[in-house]
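Taking it in order: structure first as structure tokens, then the write-up.
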Amino acid sequence: MAVMKFGGTSVGTSRAMQQAISIVAREEKKQTPLVVLSACSGITNKLVHIADAAGRSALDEAMALAAEVRAFHLNLVDDLISGLELKAELTVTIEQLANRLELLIKGVDIVGELTERSKDMFCSFGELLSTTVFAAAMKERGHNVAWIDVRTVMITDDNFGFARPLDEVCEANVRQIIKPLLDAGTTVITQGYIGATKDGRTTTLGRGGSDFSAALLGAWLNDNAIEIWTDVDGVMTCDPRLVPDARSIRVMTFSEAAELAYLGAKVLHPDTIAPAVQKNIPVYVLNSICPDAKGTIITNDPERLSGMSYEGLVKSIAVKKSQCIINIRSNRMMGRHGFMNQLFDVFARYSVSVEMISTSEVSVSLTVDDKSFSNELIQDLKQFGDVEIEHNVATISVVGDNLRMSRGVAGRIFSALKDVNLRMISQGASEINVGFVVEEPEVATAVNNLHKEFFCTPENHCIFEMPAK
Ligand code: ADP
Ligand code: ASP
Ligand code: MG
């Protein structure tokens, strides 16, 4: 069995949905798939906006956006469904979901407060709507499909906005609810990104979490493949939006893919790899616009890797924008034990995740996501010494398993970046990445120069390909 996850752009228009349906149909000829969908592109952002407006009691704004969400999905129904009876039935379901969204807006407006819990409720409508339309469109085209509300399967803790599954409960649910359908040859269509607590409150796994949902479901089902269908030719040597020359990477190890995702490559949610590693299931990243392009295989299987050995150093370059540097300078650090412990305790208290760190005897520099920055945090840090902040920076990381033991990489990186102002540099002793921080306006120059240095030389043979489109 295989799990096939389609991202926002892959189901974002009626044409894209039709294309996704034909990709599923092709798979059905080989094996019965579990299909996991994101919300249509732009819808989750809109729902976040609606939640925010409702929380500010900007009722008109929230209702106008909800009307757009309703109209968008009704249009999809119009384009995709021709049978009058099914169209009427589906219109009622879409109307019901849209009415519930409006009720939620009014509820939050009356209470005058937006909680993380109600925010997750808002965000869940995107996937519920996209899967409802998709399942009906498949049904009309003669496929044997079942729509499943994943909240009956994906049971999570109550960490709203960043919920994590209760593995054993979920695995049992998958065995009970999804597996019998697949075994009977019924294609299952369900939502990525969302789940529910044991007592039925809707949760989400965090933005971009549908990849993670697919990997979890694939692992619980012991599938033979986890397919992530997106809008690019697999994992590429850099974000093609930043580097027009980016190539598609044929094969990567689990560790390289995980590292790349954590370091900012949006093509995969960072938590996608762990469930796949656990059950040793290959992850395929594929292009729904060009389904015949090879895409990327992520695996540790020596057989699959054979013939694709890579002698080069860097496999890919990741960028994380909207970061900020916090620099703490203190003479008290010198020779004193426990200093770092106390310092990081402050970040833990504010639930702020520290991304990159670089230290000397008298100062610590670190980066955090700009969104998690707060003046209260900075006030607390001032007890340790002078604190300087630099906003609008980005971390850039070069990633590759071969970096670990290679000489001369740093030299090549720095010569490629000789015209860029490096604000911070970090490399661990056994790391497979080298990271540094630049000002945001310099990102494009930095990554394009690095890309030229590492990917436009003869050393990158068979594992890189020009994208199909
Ligand atoms: P989906 O909606 O299918 O989940 P995303 O927008 O989350 O798609 O991720 C795909 C996007 O990730 C691409 O359009 C691309 O701009 C971006 N991206 C960033 N880094 C990379 C990379 N190394 N390889 C491929 N795509 C990347
Ligand atoms: N729809 C969700 C988001 O936009 C989840 C996903 O697409 O993976 O974040
Ligand atoms: Mg995504």
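Simple scheme: letters A, B, ... for chains in structure tokens order, numbers from 1 for residues in each chain, numbers from 1 for ligands in the order shown.
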
**Request:** For Pro291 of chain A, work out the shell of residues within 12 Å, counting only C-alpha atoms and skipping chain neighbours fewer than 2 positions away, then give it as a ChimeraX atom specification.
**Result:** /A:6,10,16,19-24,26-27,227-234,284-289,293-295,467-469

Writing out the chosen residues with C-alpha atoms as an mmCIF file, in the first residue's frame:
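Final file, again.cif:
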data_model
loop_
_atom_site.group_PDB
_atom_site.id
_atom_site.type_symbol
_atom_site.label_atom_id
_atom_site.label_comp_id
_atom_site.auth_asym_id
_atom_site.auth_seq_id
_atom_site.Cartn_x
_atom_site.Cartn_y
_atom_site.Cartn_z
ATOM 1 C CA PHE A 6 -1.154 16.211 -2.182
ATOM 2 C CA SER A 10 -1.734 20.236 -6.041
ATOM 3 C CA ALA A 16 -5.098 20.718 -10.199
ATOM 4 C CA GLN A 19 -4.677 16.184 -12.276
ATOM 5 C CA ALA A 20 -4.356 14.791 -8.724
ATOM 6 C CA ILE A 21 -7.295 12.479 -9.382
ATOM 7 C CA SER A 22 -5.589 11.115 -12.490
ATOM 8 C CA ILE A 23 -2.417 10.501 -10.462
ATOM 9 C CA VAL A 24 -4.450 8.616 -7.844
ATOM 10 C CA ARG A 26 -2.831 5.575 -11.981
ATOM 11 C CA GLU A 27 -1.834 4.310 -8.534
ATOM 12 C CA GLU A 227 4.529 9.881 -1.610
ATOM 13 C CA ILE A 228 4.580 13.652 -1.139
ATOM 14 C CA TRP A 229 3.092 15.241 -4.268
ATOM 15 C CA THR A 230 3.944 18.924 -4.526
ATOM 16 C CA ASP A 231 4.539 21.706 -7.062
ATOM 17 C CA VAL A 232 8.267 21.153 -7.755
ATOM 18 C CA ASP A 233 10.397 18.273 -9.068
ATOM 19 C CA GLY A 234 11.182 16.806 -5.676
ATOM 20 C CA TYR A 284 9.167 10.006 -2.601
ATOM 21 C CA VAL A 285 8.840 13.728 -3.280
ATOM 22 C CA LEU A 286 7.060 14.106 -6.610
ATOM 23 C CA ASN A 287 5.742 16.806 -8.891
ATOM 24 C CA SER A 288 1.980 16.747 -9.412
ATOM 25 C CA ILE A 289 2.329 19.146 -12.359
ATOM 26 C CA ALA A 293 9.388 13.559 -13.659
ATOM 27 C CA LYS A 294 11.582 11.409 -11.438
ATOM 28 C CA GLY A 295 11.422 13.504 -8.282
ATOM 29 C CA PRO A 467 13.748 20.046 -13.424
ATOM 30 C CA ALA A 468 11.173 18.888 -15.947
ATOM 31 C CA LYS A 469 9.579 22.307 -16.124
#

**Asked** What lies within 6 Å of segment 244-249 of chain A using only C-alpha atoms, ignoring chain neighbours under 3 positions off, as a list in words?
**Response** Asp233, Val235, Met236, Thr237, Cys238, Pro240, Thr296, Ile463, Phe464, Glu465, Met466 and Pro467 of chain A

Produce as a short mmCIF file (atom, residue, chain, number, x, y, z; two decimals) with all heavy atoms, in the first residue's frame the set of residues near ligand 2, where near means within 10 Å with only C-alpha atoms and all ligand atoms considered.
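In the end it all went to out_39.cif:
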data_model
loop_
_atom_site.label_atom_id
_atom_site.label_comp_id
_atom_site.auth_asym_id
_atom_site.auth_seq_id
_atom_site.Cartn_x
_atom_site.Cartn_y
_atom_site.Cartn_z
N LYS A 5 0.23 11.99 -0.52
CA LYS A 5 -0.20 13.28 0.04
C LYS A 5 -0.10 14.36 -1.03
O LYS A 5 0.94 14.49 -1.71
CB LYS A 5 0.66 13.63 1.25
CG LYS A 5 0.39 15.00 1.85
CD LYS A 5 1.39 16.03 1.39
CE LYS A 5 0.98 17.44 1.76
NZ LYS A 5 2.01 18.45 1.40
N PHE A 6 -1.16 15.11 -1.22
CA PHE A 6 -1.15 16.21 -2.18
C PHE A 6 -1.19 17.53 -1.41
O PHE A 6 -2.07 17.74 -0.56
CB PHE A 6 -2.35 16.10 -3.13
CG PHE A 6 -2.24 14.93 -4.07
CD1 PHE A 6 -2.71 13.68 -3.70
CD2 PHE A 6 -1.61 15.06 -5.31
CE1 PHE A 6 -2.58 12.58 -4.54
CE2 PHE A 6 -1.47 13.96 -6.16
CZ PHE A 6 -1.95 12.73 -5.78
N GLY A 7 -0.26 18.41 -1.73
CA GLY A 7 -0.17 19.70 -1.05
C GLY A 7 -1.15 20.70 -1.62
O GLY A 7 -1.89 20.41 -2.57
N GLY A 8 -1.14 21.90 -1.03
CA GLY A 8 -2.11 22.94 -1.36
C GLY A 8 -2.23 23.27 -2.84
O GLY A 8 -3.34 23.32 -3.38
N THR A 9 -1.08 23.48 -3.52
CA THR A 9 -1.17 23.83 -4.93
C THR A 9 -1.63 22.64 -5.77
O THR A 9 -2.25 22.82 -6.82
CB THR A 9 0.17 24.35 -5.51
OG1 THR A 9 1.22 23.74 -4.79
CG2 THR A 9 0.29 25.83 -5.44
N VAL A 36 -4.03 11.61 1.29
CA VAL A 36 -4.05 12.62 2.35
C VAL A 36 -3.96 13.99 1.68
O VAL A 36 -3.05 14.22 0.88
CB VAL A 36 -2.85 12.42 3.31
CG1 VAL A 36 -2.79 13.52 4.35
CG2 VAL A 36 -2.93 11.06 3.98
N LEU A 37 -4.88 14.87 1.98
CA LEU A 37 -4.88 16.17 1.30
C LEU A 37 -4.65 17.34 2.26
O LEU A 37 -5.08 17.31 3.42
CB LEU A 37 -6.22 16.41 0.59
CG LEU A 37 -6.69 15.42 -0.46
CD1 LEU A 37 -7.97 15.94 -1.11
CD2 LEU A 37 -5.62 15.18 -1.52
N SER A 38 -4.00 18.36 1.71
CA SER A 38 -3.93 19.67 2.38
C SER A 38 -5.18 20.45 2.02
O SER A 38 -5.94 20.05 1.15
CB SER A 38 -2.76 20.47 1.83
OG SER A 38 -1.55 19.94 2.22
N ALA A 39 -5.31 21.60 2.64
CA ALA A 39 -6.33 22.55 2.21
C ALA A 39 -5.91 23.11 0.85
O ALA A 39 -4.73 23.07 0.50
CB ALA A 39 -6.41 23.69 3.22
N CYS A 40 -6.85 23.63 0.06
CA CYS A 40 -6.49 24.26 -1.21
C CYS A 40 -5.57 25.45 -0.90
O CYS A 40 -5.73 26.11 0.13
CB CYS A 40 -7.75 24.76 -1.91
SG CYS A 40 -8.95 23.47 -2.21
N SER A 41 -4.64 25.72 -1.83
CA SER A 41 -3.61 26.71 -1.49
C SER A 41 -4.23 28.06 -1.15
O SER A 41 -5.18 28.51 -1.80
CB SER A 41 -2.59 26.85 -2.62
OG SER A 41 -3.24 27.26 -3.78
N GLY A 42 -3.70 28.66 -0.12
CA GLY A 42 -4.17 29.98 0.32
C GLY A 42 -5.31 29.91 1.34
O GLY A 42 -5.56 30.89 2.04
N ILE A 43 -5.96 28.76 1.44
CA ILE A 43 -7.14 28.71 2.32
C ILE A 43 -6.74 28.72 3.81
O ILE A 43 -7.35 29.43 4.61
CB ILE A 43 -8.03 27.48 1.99
CG1 ILE A 43 -8.63 27.63 0.58
CG2 ILE A 43 -9.14 27.29 3.02
CD1 ILE A 43 -9.60 28.79 0.38
N THR A 44 -5.69 27.97 4.17
CA THR A 44 -5.31 27.99 5.59
C THR A 44 -4.87 29.40 6.01
O THR A 44 -5.24 29.86 7.10
CB THR A 44 -4.19 26.96 5.88
OG1 THR A 44 -4.59 25.71 5.33
CG2 THR A 44 -3.96 26.79 7.38
N ASN A 45 -4.14 30.08 5.14
CA ASN A 45 -3.76 31.47 5.47
C ASN A 45 -5.00 32.31 5.70
O ASN A 45 -5.06 33.14 6.61
CB ASN A 45 -2.96 32.10 4.32
CG ASN A 45 -1.53 31.60 4.31
OD1 ASN A 45 -1.07 30.97 5.28
ND2 ASN A 45 -0.82 31.86 3.24
N LYS A 46 -5.99 32.10 4.83
CA LYS A 46 -7.23 32.87 4.96
C LYS A 46 -7.93 32.56 6.28
O LYS A 46 -8.45 33.44 6.96
CB LYS A 46 -8.14 32.53 3.77
CG LYS A 46 -9.05 33.66 3.39
CD LYS A 46 -9.63 33.47 2.01
CE LYS A 46 -8.96 34.38 1.02
NZ LYS A 46 -9.53 34.35 -0.31
N LEU A 47 -7.92 31.28 6.66
CA LEU A 47 -8.57 30.87 7.91
C LEU A 47 -7.85 31.47 9.13
O LEU A 47 -8.49 31.88 10.10
CB LEU A 47 -8.63 29.35 8.02
CG LEU A 47 -9.57 28.68 6.99
CD1 LEU A 47 -9.30 27.18 6.90
CD2 LEU A 47 -11.04 28.94 7.34
N VAL A 48 -6.53 31.55 9.05
CA VAL A 48 -5.76 32.17 10.14
C VAL A 48 -6.17 33.65 10.24
O VAL A 48 -6.39 34.18 11.33
CB VAL A 48 -4.23 32.04 9.88
CG1 VAL A 48 -3.44 32.87 10.87
CG2 VAL A 48 -3.80 30.58 9.92
N CYS A 123 -8.73 26.58 11.65
CA CYS A 123 -7.81 26.09 10.62
C CYS A 123 -8.24 24.74 10.06
O CYS A 123 -7.85 24.38 8.95
CB CYS A 123 -6.40 25.99 11.19
SG CYS A 123 -5.67 27.61 11.42
N SER A 124 -9.04 24.00 10.81
CA SER A 124 -9.42 22.64 10.36
C SER A 124 -10.35 22.68 9.15
O SER A 124 -10.46 21.69 8.41
CB SER A 124 -10.09 21.88 11.49
OG SER A 124 -11.35 22.44 11.79
N PHE A 125 -11.03 23.81 8.91
CA PHE A 125 -12.02 23.83 7.83
C PHE A 125 -11.39 23.64 6.44
O PHE A 125 -12.02 23.10 5.54
CB PHE A 125 -12.84 25.14 7.87
CG PHE A 125 -13.88 25.11 8.95
CD1 PHE A 125 -13.63 25.65 10.20
CD2 PHE A 125 -15.12 24.51 8.73
CE1 PHE A 125 -14.58 25.60 11.21
CE2 PHE A 125 -16.07 24.45 9.73
CZ PHE A 125 -15.82 25.01 10.97
N GLY A 126 -10.16 24.09 6.28
CA GLY A 126 -9.52 24.00 4.95
C GLY A 126 -9.42 22.57 4.46
O GLY A 126 -9.81 22.25 3.33
N GLU A 127 -8.90 21.69 5.31
CA GLU A 127 -8.72 20.28 4.92
C GLU A 127 -10.07 19.58 4.84
O GLU A 127 -10.27 18.71 3.99
CB GLU A 127 -7.80 19.58 5.92
CG GLU A 127 -6.30 19.68 5.62
CD GLU A 127 -5.69 21.07 5.81
OE1 GLU A 127 -6.39 21.94 6.37
OE2 GLU A 127 -4.55 21.29 5.38
N SER A 130 -11.47 20.70 1.40
CA SER A 130 -10.78 20.18 0.20
C SER A 130 -11.05 18.69 0.02
O SER A 130 -11.31 18.22 -1.09
CB SER A 130 -9.28 20.45 0.27
OG SER A 130 -8.68 19.71 1.31
N GLN A 191 -7.86 13.91 5.66
CA GLN A 191 -7.22 15.21 5.82
C GLN A 191 -5.82 15.08 6.42
O GLN A 191 -5.61 14.31 7.35
CB GLN A 191 -8.04 16.12 6.76
CG GLN A 191 -9.48 16.28 6.39
CD GLN A 191 -10.32 15.09 6.84
OE1 GLN A 191 -10.11 14.56 7.92
NE2 GLN A 191 -11.27 14.68 6.02
N GLY A 192 -4.90 15.89 5.91
CA GLY A 192 -3.64 16.07 6.61
C GLY A 192 -3.82 17.14 7.65
O GLY A 192 -4.91 17.72 7.79
N TYR A 193 -2.79 17.39 8.46
CA TYR A 193 -2.67 18.58 9.30
C TYR A 193 -3.54 18.58 10.55
O TYR A 193 -3.16 19.12 11.57
CB TYR A 193 -2.98 19.80 8.42
CG TYR A 193 -3.00 21.16 9.07
CD1 TYR A 193 -1.91 21.64 9.80
CD2 TYR A 193 -4.10 22.00 8.90
CE1 TYR A 193 -1.94 22.92 10.34
CE2 TYR A 193 -4.12 23.29 9.42
CZ TYR A 193 -3.04 23.73 10.14
OH TYR A 193 -3.07 25.01 10.67
N ILE A 194 -4.73 17.96 10.50
CA ILE A 194 -5.63 18.09 11.66
C ILE A 194 -5.73 16.77 12.43
O ILE A 194 -5.39 15.70 11.93
CB ILE A 194 -7.04 18.59 11.26
CG1 ILE A 194 -7.81 17.55 10.43
CG2 ILE A 194 -6.93 19.89 10.50
CD1 ILE A 194 -9.26 17.97 10.16
N THR A 204 -4.39 20.86 15.57
CA THR A 204 -3.57 20.82 14.35
C THR A 204 -2.13 20.49 14.71
O THR A 204 -1.70 20.69 15.84
CB THR A 204 -3.58 22.16 13.57
OG1 THR A 204 -2.89 23.14 14.35
CG2 THR A 204 -4.98 22.64 13.25
N LEU A 205 -1.42 19.96 13.70
CA LEU A 205 -0.04 19.51 13.94
C LEU A 205 0.99 20.62 13.66
O LEU A 205 2.18 20.36 13.70
CB LEU A 205 0.28 18.31 13.04
CG LEU A 205 -0.68 17.12 13.09
CD1 LEU A 205 -0.21 16.03 12.14
CD2 LEU A 205 -0.79 16.56 14.50
N GLY A 206 0.53 21.81 13.34
CA GLY A 206 1.45 22.90 12.99
C GLY A 206 1.43 23.12 11.49
O GLY A 206 1.15 22.20 10.72
N ARG A 207 1.74 24.37 11.07
CA ARG A 207 1.67 24.73 9.65
C ARG A 207 2.54 23.79 8.80
O ARG A 207 3.62 23.41 9.20
CB ARG A 207 2.09 26.19 9.45
CG ARG A 207 1.14 27.22 10.03
CD ARG A 207 -0.28 27.10 9.51
NE ARG A 207 -0.43 27.15 8.07
CZ ARG A 207 -0.58 28.25 7.36
NH1 ARG A 207 -0.61 29.42 7.98
NH2 ARG A 207 -0.74 28.20 6.06
N GLY A 208 2.02 23.45 7.66
CA GLY A 208 2.73 22.53 6.76
C GLY A 208 2.66 21.08 7.23
O GLY A 208 3.35 20.21 6.70
N GLY A 209 1.79 20.82 8.22
CA GLY A 209 1.79 19.51 8.88
C GLY A 209 1.20 18.35 8.10
O GLY A 209 1.27 17.20 8.57
N SER A 210 0.66 18.59 6.91
CA SER A 210 0.08 17.47 6.17
C SER A 210 1.13 16.43 5.76
O SER A 210 0.83 15.24 5.69
CB SER A 210 -0.62 17.96 4.90
OG SER A 210 -1.70 18.77 5.27
N ASP A 211 2.35 16.89 5.48
CA ASP A 211 3.43 15.93 5.16
C ASP A 211 3.62 14.99 6.35
O ASP A 211 3.78 13.78 6.19
CB ASP A 211 4.77 16.66 4.95
CG ASP A 211 4.75 17.66 3.82
OD1 ASP A 211 3.92 17.50 2.91
OD2 ASP A 211 5.57 18.60 3.85
N PHE A 212 3.62 15.58 7.54
CA PHE A 212 3.82 14.80 8.77
C PHE A 212 2.67 13.80 8.95
O PHE A 212 2.89 12.62 9.25
CB PHE A 212 3.90 15.79 9.95
CG PHE A 212 4.20 15.17 11.29
CD1 PHE A 212 5.05 14.08 11.43
CD2 PHE A 212 3.63 15.71 12.44
CE1 PHE A 212 5.33 13.53 12.69
CE2 PHE A 212 3.90 15.17 13.70
CZ PHE A 212 4.74 14.08 13.81
N SER A 213 1.43 14.27 8.71
CA SER A 213 0.27 13.36 8.81
C SER A 213 0.46 12.17 7.90
O SER A 213 0.23 11.02 8.29
CB SER A 213 -1.02 14.06 8.37
OG SER A 213 -1.24 15.22 9.08
N ALA A 214 0.86 12.44 6.65
CA ALA A 214 1.01 11.36 5.67
C ALA A 214 2.08 10.37 6.12
O ALA A 214 1.88 9.15 6.02
CB ALA A 214 1.38 11.94 4.30
N VAL A 267 9.85 22.39 1.34
CA VAL A 267 9.27 21.31 0.55
C VAL A 267 8.83 20.11 1.41
O VAL A 267 7.93 19.37 1.04
CB VAL A 267 10.24 20.90 -0.59
CG1 VAL A 267 11.52 20.29 -0.03
CG2 VAL A 267 9.59 19.98 -1.59
N LEU A 268 9.45 19.95 2.58
CA LEU A 268 9.03 18.88 3.50
C LEU A 268 8.86 19.45 4.90
O LEU A 268 9.71 20.24 5.35
CB LEU A 268 10.12 17.82 3.59
CG LEU A 268 10.17 16.69 2.59
CD1 LEU A 268 11.29 15.73 2.96
CD2 LEU A 268 8.85 15.93 2.52
N HIS A 269 7.81 19.03 5.59
CA HIS A 269 7.68 19.42 6.99
C HIS A 269 8.79 18.71 7.77
O HIS A 269 9.05 17.52 7.54
CB HIS A 269 6.29 18.99 7.50
CG HIS A 269 6.04 19.41 8.90
ND1 HIS A 269 6.47 18.67 9.98
CD2 HIS A 269 5.42 20.50 9.42
CE1 HIS A 269 6.12 19.29 11.10
NE2 HIS A 269 5.48 20.40 10.77
#

Go through segment 80-128 of chain A and flag each residue having an atom no more than 7 Å from segment 153-168 of chain A; for those, report the closest pair of atoms plus their distance in Å to one decimal, using only C-alpha atoms, ordered by chain and rising number, as a tab-separated table.
residue	atom	partner	partner_atom	distance
A:Glu116	CA	A:Phe160	CA	5.7
A:Arg117	CA	A:Phe160	CA	5.6
A:Asp120	CA	A:Gly161	CA	6.1

**Message:** Report, in Å with one decimal, the straight-line distance from atom CA of Asn433 of chain A to atom 6 (O, counted along the ligand's line) of ligand 1.
**Reply:** 22.9 Å

**DSSP strand (DSSP E) residues within segment 174-412 of chain A, listed as number ranges by chain** = A: 187-191, 194-196, 202-204, 225-230, 248-249, 251-252, 283-287, 296-298, 316-329, 354-359, 363-369, 386-399

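Using only C-alpha atoms and all ligand atoms for every distance, the candidate list A:Val420, A:Phe384, A:Thr272, A:Thr445 yields A:Thr272 as the residue closest to ligand 3.
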
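Among the candidates A:Pro180, A:Gly218, A:Gly435, A:Gly112, the residue lying nearest to Leu422 of chain A is A:Gly435 (atoms considered: only C-alpha atoms).
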
**Message:** So that I can see what lies close to segment 349-361 of chain A, please list as a ChimeraX atom specification the residues with an atom at most 7 Å from it, counting only C-alpha atoms and leaving out residues fewer than 2 positions away in the same chain.
**Reply:** /A:333-334,345-347,363-368,372,377,425-426

**Request:** Tell me, as a PyMOL selection string, which residues lie within 10 Å of Lys30 of chain A, counting only C-alpha atoms; anything in the same chain fewer than 4 positions away does not count.
**Result:** chain A and resi 1-2+25-26

I need the residues from that last selection saved to file as a PDB file, in the first residue's frame (with C-alpha atoms), if you can.
ATOM      1  CA  MET A   1       0.000   0.000   0.000  1.00  0.00           C
ATOM      2  CA  ALA A   2       1.043   3.596  -0.486  1.00  0.00           C
ATOM      3  CA  ALA A  25      -6.205   6.660 -10.613  1.00  0.00           C
ATOM      4  CA  ARG A  26      -2.831   5.575 -11.981  1.00  0.00           C
TER       5      ARG A  26
END

**Message:** Here is a test: counting only C-alpha atoms and all ligand atoms, which residue of A:Thr93, A:Lys418, A:Lys321, A:Gly264 is nearest to ligand 3?
**Reply:** A:Gly264

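Minimum atom-to-atom distance to ligand 1, evaluated using only C-alpha atoms and all ligand atoms, belongs to A:Ile396 out of A:Cys324, A:Ala225, A:Ala196, A:Ile396.
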
**Item:** Residue with smallest distance to ligand 1 - pool A:Ala135, A:Ala51, A:Leu129, A:Ile317, counting only C-alpha atoms and all ligand atoms
**Value:** A:Ile317

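With only C-alpha atoms and all ligand atoms as the basis for measurement, A:Pro270 is the residue among A:Gly142, A:Pro270, A:Gly195, A:Pro33 that approaches ligand 1 most closely.
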
**Prompt:** So which residues touch Leu86 of chain A within 12 Å, counting only C-alpha atoms, skipping near sequence neighbours fewer than 6 positions away, as number ranges by chain?
**Reply:** A: 77-78, 80, 92-93, 132-133, 135-141
